[in-house]
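Trainee: This structure is in structure tokens; I'll ask about it shortly.
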Amino acid sequence: MPPKPKTEAERQQLRTLIIDAARELFVARGVEAVTMREIAKRIDYSATSIYLHFADKEAVLRAILDVDMLALAKRLNTILQISDAVERMQALGFAYAEFALSFPNHYRLMFMAERTPCDPEKSSLQKNNAEQDSYFLLKTVVNDVYLAGRFRAELQDVDLIAQTIWAGIHGVCSLEINMARDKWVNWAEISARLQLMQTVLIRGLLREPT
């Protein structure tokens with residue numbers, strides 16, 4: 001068994017090991033099927049060591065989601081320097097897809113796995129803070145397009161628009177993650193599918209150019 005962590009850096013390293021091991025197990029077997037003992041065994045520590053960092057499995061899951069949601073928000077914030085509101089909205093979609101396809105296990109647990117719904121009161125992240133809350137960032141970017149008068153006149157609900165855009169990009173990403181190797185479908189290139197989804201969304205949401 002590895003020595004007990006003594007410094008703050010060592011404790012943080014162990015916490016990261018626990019999070020990474022638990023993420024892999026949760027994705028492979030489902031959250032409900034995994035025990036704290038199995039997480040500890042994966043990193044060659046005792047279950048007691050795990051409990052020094054996390055009260056229970058739900059706390060481990062919450063920590064994983066906080067870490068991964070924050071990483072997503074940081075990735076999405078890189079598009080804010082784009083001046084045109086519509087171009088910024090499109091760039092957000094591509095940045096989201098890049099994260100999903102670069103970290104498929106993270107994405108599976110965040111948005112594709114069956115798990116307990118997120119409770120903002122138990123999260124270390126701040127809701128409605130664009131630097132930490134990727135959904136709020138999406139709404140902010142969509143609202144900029146709305147305030148610029150670029151959406152069709154009948155589209156007045158920013159949440160509805162944001163959720164529709166999210167659903168479209170998520171659909172492309174989830175199919176790629178779960179079914180890209182399925183020979184039943186003659187899959188087009190993922191870049192082409194993402195681009196076409198963006199085009200369909202933009203044409204369906206925006207006013208006709210004048």
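Identifiers in the structure tokens: chain A, B, ... in order shown; residue index from 1 per chain; ligand index from 1 in order shown.
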Using only C-alpha atoms, which residues of segment 14-91 of chain A come within 8 Å of segment 115-131 of chain A, and what is the closest atom pair for each, with the distance in Å to one decimal? Give it as a tab-separated table, sorted by chain and residue number.
Mentor:
```
residue	atom	partner	partner_atom	distance
A:Val31	CA	A:Arg115	CA	6.8
A:Arg62	CA	A:Ser123	CA	6.8
A:Ala63	CA	A:Ser123	CA	7.9
A:Asp66	CA	A:Leu125	CA	6.5
A:Leu70	CA	A:Leu125	CA	7.5
A:Ala73	CA	A:Glu131	CA	6.1
A:Lys74	CA	A:Glu131	CA	6.5
A:Asn77	CA	A:Glu131	CA	6.8
```
Trainee: Go through A:Val172, A:Arg29, A:Val158, A:Leu52 one by one, measure the shortest atom-to-atom distance of each to Arg11 of chain A using only C-alpha atoms, and give the residue with the smallest value.
Mentor: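 When distances to Arg11 of chain A are compared using only C-alpha atoms, the smallest one comes from A:Leu52.
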Trainee: Using atom CA of Tyr45 of chain A and atom CA of Thr16 of chain A as the two end points, give the distance in Å to one decimal.
Mentor: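 So the answer is 13.2 Å.
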Trainee: Work out how far apart atom CA of Cys173 of chain A and atom CA of Leu196 of chain A are and give it in Å to one decimal.
Mentor: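 Computed distance, atom CA of Cys173 of chain A to atom CA of Leu196 of chain A, equals 13.0 Å.
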Trainee: Suppose you want the space between atom CA of Gly30 of chain A and atom CA of Arg108 of chain A; what is it in Å?
Mentor: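 Separating atom CA of Gly30 of chain A from atom CA of Arg108 of chain A is a distance of 10.6 Å.
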Trainee: Name the residues in contact with segment 144-153 of chain A at a cut-off of 8 Å, using only C-alpha atoms, excluding same-chain residues fewer than 4 positions from it; report them as a list in words.
Mentor: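 Result of the neighbour search: Ala85, Val86, Met89, Thr140, Val158, Leu205, Leu206, Arg207 and Glu208 of chain A.
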Trainee: Please produce an output containing N, CA, C and O atoms for each residue in the selection, written as a PDB file, in the first residue's frame.
Mentor:
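Result written to result35.pdb:
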```pdb
ATOM      1  N   ALA A  85     -21.490  38.364 -32.700  1.00  0.00           N
ATOM      2  CA  ALA A  85     -22.293  37.526 -31.803  1.00  0.00           C
ATOM      3  C   ALA A  85     -22.614  36.165 -32.417  1.00  0.00           C
ATOM      4  O   ALA A  85     -22.560  35.139 -31.734  1.00  0.00           O
ATOM      5  N   VAL A  86     -22.966  36.129 -33.696  1.00  0.00           N
ATOM      6  CA  VAL A  86     -23.314  34.869 -34.343  1.00  0.00           C
ATOM      7  C   VAL A  86     -22.075  33.985 -34.495  1.00  0.00           C
ATOM      8  O   VAL A  86     -22.115  32.773 -34.230  1.00  0.00           O
ATOM      9  N   MET A  89     -21.322  32.438 -31.224  1.00  0.00           N
ATOM     10  CA  MET A  89     -22.228  31.341 -30.912  1.00  0.00           C
ATOM     11  C   MET A  89     -21.809  30.062 -31.655  1.00  0.00           C
ATOM     12  O   MET A  89     -21.835  28.967 -31.079  1.00  0.00           O
ATOM     13  N   THR A 140     -25.593  33.232 -22.155  1.00  0.00           N
ATOM     14  CA  THR A 140     -25.067  34.581 -22.340  1.00  0.00           C
ATOM     15  C   THR A 140     -24.737  34.837 -23.807  1.00  0.00           C
ATOM     16  O   THR A 140     -25.070  35.891 -24.361  1.00  0.00           O
ATOM     17  N   VAL A 158     -34.780  32.688 -24.670  1.00  0.00           N
ATOM     18  CA  VAL A 158     -33.343  32.428 -24.761  1.00  0.00           C
ATOM     19  C   VAL A 158     -33.001  31.030 -24.254  1.00  0.00           C
ATOM     20  O   VAL A 158     -32.154  30.342 -24.833  1.00  0.00           O
ATOM     21  N   LEU A 205     -32.572  29.307 -37.011  1.00  0.00           N
ATOM     22  CA  LEU A 205     -32.762  30.252 -35.905  1.00  0.00           C
ATOM     23  C   LEU A 205     -32.684  31.708 -36.320  1.00  0.00           C
ATOM     24  O   LEU A 205     -33.362  32.557 -35.729  1.00  0.00           O
ATOM     25  N   LEU A 206     -31.872  32.011 -37.316  1.00  0.00           N
ATOM     26  CA  LEU A 206     -31.628  33.412 -37.648  1.00  0.00           C
ATOM     27  C   LEU A 206     -32.640  33.982 -38.618  1.00  0.00           C
ATOM     28  O   LEU A 206     -33.234  33.262 -39.422  1.00  0.00           O
ATOM     29  N   ARG A 207     -32.817  35.294 -38.562  1.00  0.00           N
ATOM     30  CA  ARG A 207     -33.636  36.001 -39.527  1.00  0.00           C
ATOM     31  C   ARG A 207     -33.010  35.886 -40.911  1.00  0.00           C
ATOM     32  O   ARG A 207     -31.790  35.723 -41.054  1.00  0.00           O
ATOM     33  N   GLU A 208     -33.847  35.993 -41.925  1.00  0.00           N
ATOM     34  CA  GLU A 208     -33.326  36.026 -43.289  1.00  0.00           C
ATOM     35  C   GLU A 208     -32.530  37.319 -43.454  1.00  0.00           C
ATOM     36  O   GLU A 208     -32.947  38.394 -42.984  1.00  0.00           O
TER      37      GLU A 208
END
```
Trainee: Could you tell me which of A:Arg88, A:Glu154, A:Lys139, A:His170 comes closest to Arg193 of chain A if we count only C-alpha atoms?
Mentor: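 Once distances to Arg193 of chain A are computed over only C-alpha atoms, the minimum belongs to A:His170.
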Trainee: Neighbouring residues of Glu24 of chain A were defined as those with any atom within 12 Å, considering only C-alpha atoms; residues of the same chain fewer than 3 positions away were excluded. Please report them as a PDB file with C-alpha atoms, in the first residue's frame.
Mentor:
```pdb
ATOM      1  CA  LEU A  17      -6.037   9.745  -8.508  1.00  0.00           C
ATOM      2  CA  ILE A  18      -9.336   8.923  -6.777  1.00  0.00           C
ATOM      3  CA  ILE A  19     -11.312  11.110  -9.187  1.00  0.00           C
ATOM      4  CA  ASP A  20      -9.653   9.656 -12.292  1.00  0.00           C
ATOM      5  CA  ALA A  21     -10.084   6.055 -11.115  1.00  0.00           C
ATOM      6  CA  VAL A  27     -18.294   5.058 -17.056  1.00  0.00           C
ATOM      7  CA  ALA A  28     -17.446   1.387 -17.528  1.00  0.00           C
ATOM      8  CA  ARG A  29     -19.905  -0.101 -15.046  1.00  0.00           C
ATOM      9  CA  GLY A  30     -22.368   2.574 -14.001  1.00  0.00           C
ATOM     10  CA  VAL A  31     -22.316   4.636 -10.826  1.00  0.00           C
ATOM     11  CA  VAL A  34     -19.243   0.681  -8.234  1.00  0.00           C
ATOM     12  CA  GLU A  38     -13.366  -0.866  -5.725  1.00  0.00           C
ATOM     13  CA  ILE A  39     -12.256   2.719  -6.294  1.00  0.00           C
ATOM     14  CA  ARG A  42      -8.005   0.584  -8.462  1.00  0.00           C
ATOM     15  CA  ILE A  43      -5.356   2.969  -7.076  1.00  0.00           C
ATOM     16  CA  LEU A  61     -19.295  11.721  -8.218  1.00  0.00           C
ATOM     17  CA  ILE A  64     -15.737  14.449 -10.678  1.00  0.00           C
ATOM     18  CA  PHE A 103     -12.488  13.628 -23.430  1.00  0.00           C
ATOM     19  CA  PRO A 104     -15.171  11.032 -24.219  1.00  0.00           C
ATOM     20  CA  ASN A 105     -15.149   9.402 -20.773  1.00  0.00           C
ATOM     21  CA  HIS A 106     -15.555  12.757 -19.085  1.00  0.00           C
ATOM     22  CA  TYR A 107     -18.395  13.590 -21.469  1.00  0.00           C
ATOM     23  CA  ARG A 108     -20.149  10.263 -20.977  1.00  0.00           C
ATOM     24  CA  LEU A 109     -20.380  10.786 -17.237  1.00  0.00           C
TER      25      LEU A 109
END
```
Trainee: If DSSP is run on the backbone, what residues of segment 95-210 of chain A are helix (DSSP H, G or I)? A reply as an MDAnalysis selection string would be ideal.
Mentor: chainID A and resid 95:102 104:112 120:122 134:147 158:179 190:205
